[in-house]
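Remarks on the structure that follows.
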Amino acid sequence: MPSTGARPAGSEDEAAAAQDVRRMFDSIAPRYDLLNHLLSANIDKLWWRRTAQRFYSVVANPDAAILDICCGTGDMTMALLKHRARDARPILAADFSHGMLSRAAQKFARPGQPAAIALEADALHLPLRSDSLDLIVTAFGFRNLANYEAGLREFHRVLKPGGQLGILEFSEPGGLVGKLYAVYFRRILPAIGRTICGQDGPYSYLPASVERFPSPNELLALLHAADYTDCAWQPYTFGIAGLYTATRGEVG
Ligand SMILES: C[S@@+](CC[C@H](N)C(=O)[O-])C[C@H]1O[C@@H](n2cnc3c(N)ncnc32)[C@H](O)[C@@H]1O
């Protein structure tokens, strides 16, 4: 099977796709939070909270090494921090868009030891030791990687044996909800995004990238093929979004 990954309109290969994605997020960073909450009617907050709760046992362990990759402006990290003691090891929050990450860093600031460390890094080439993390979480970021298989391999490399992975992503619901949602997602959402953001690309890219993204069964197959165990998908809100969970096997 050929490798899969994001391809914004006009990007011809993986390197160009990654560069276009990074530029796009840099350009929408100042309005990202406003648009995100508006376009999802704040349901995104519920999804981040549910994801954080799902990994409560790891997150509540103050020594656990945790990475929020593709952290954007940091809201997934902030949801994880709600379950973390003040003196716990800081969470690593990484993204390759400087514009998005600098907004995250402002949210993490507090007197004394920071609750989270903002790290400018590419998810496909993490500047982290192998076998070093207990948990990797990514919210609405995985879909944007230029190569999904390479992303899963890199996460596998840095997770400890037995470490956990959570991928929160959009999905395409079926039935009547799916039909109504498709009208909103493909027509209304790009129009609102275009008006507020002043540019067409990012909010046309969003529905196109969800359409291109593997179905839950296909992504579960990619997780199995990348040697993860206990792979599962939990739909959220009629399957508009959902959480993939997987464990890095004890060997390999
Ligand atoms: C839709 S935003 C999600 C942000 C945040 N996690 C949230 O839930 O709001 C996707 C983020 O993924 C980041 N991203 C995409 N590809 C990446 C890569 N290869 N390495 C690091 N970050 C990446 C983008 O810069 C962007 O900030």
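If you're wondering about the labels, chains in the structure tokens are A, B, ... by order shown, residues count from 1 in each chain, ligands from 1 in order shown.
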Show me which residues line ligand 1, defined as having an atom within 6 Å of a ligand atom where only C-alpha atoms and all ligand atoms count, and present them as a short mmCIF file (atom, residue, chain, number, x, y, z; two decimals) with C-alpha atoms, in the first residue's frame.
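Resulting contents of out.cif:
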```
data_model
loop_
_atom_site.label_atom_id
_atom_site.label_comp_id
_atom_site.auth_asym_id
_atom_site.auth_seq_id
_atom_site.Cartn_x
_atom_site.Cartn_y
_atom_site.Cartn_z
CA ARG A 22 3.42 24.75 8.55
CA PHE A 25 -0.88 27.22 10.53
CA CYS A 70 1.10 18.94 17.12
CA CYS A 71 0.02 20.87 20.23
CA GLY A 72 -0.91 24.00 18.26
CA THR A 73 -2.00 26.72 20.67
CA ASP A 75 -5.46 23.49 24.53
CA MET A 76 -4.99 19.68 24.61
CA ASP A 95 4.64 21.77 17.18
CA PHE A 96 6.52 22.86 14.06
CA SER A 97 4.55 26.11 13.61
CA MET A 100 0.95 28.36 16.96
CA ALA A 121 9.84 20.24 16.55
CA ASP A 122 8.66 18.13 13.63
CA ALA A 123 6.51 15.14 14.58
CA LEU A 124 8.31 13.02 11.97
CA ALA A 139 -5.33 16.32 18.92
CA PHE A 140 -6.37 17.19 15.35
CA GLY A 141 -2.71 17.17 14.34
CA ASN A 144 -1.84 17.00 8.94
CA LEU A 145 1.30 14.86 8.89
#
```
Extract the full set of strand (DSSP E) residues from stretch 54-236 of chain A according to DSSP on the backbone, and format it as JSON, numbers by chain. {"A": [66, 67, 68, 69, 91, 92, 93, 94, 95, 116, 117, 118, 119, 120, 133, 134, 135, 136, 137, 138, 139, 159, 160, 161, 162, 163, 164, 165, 166, 167, 168, 169, 170, 228, 229, 230, 231, 232, 233, 234, 235, 236]}
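One distance worth recording is that between atom CA of A:Met24 and atom CA of A:Pro202, which is 6.4 Å.
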Exercise. Can you list every residue in stretch 9-246 of chain A that DSSP puts in helix (DSSP H, G or I), as number ranges by chain?
Worked result: A: 14-39, 43-54, 56-59, 75-81, 98-108, 142-144, 148-158, 175-197, 201-212, 216-225, 237-239
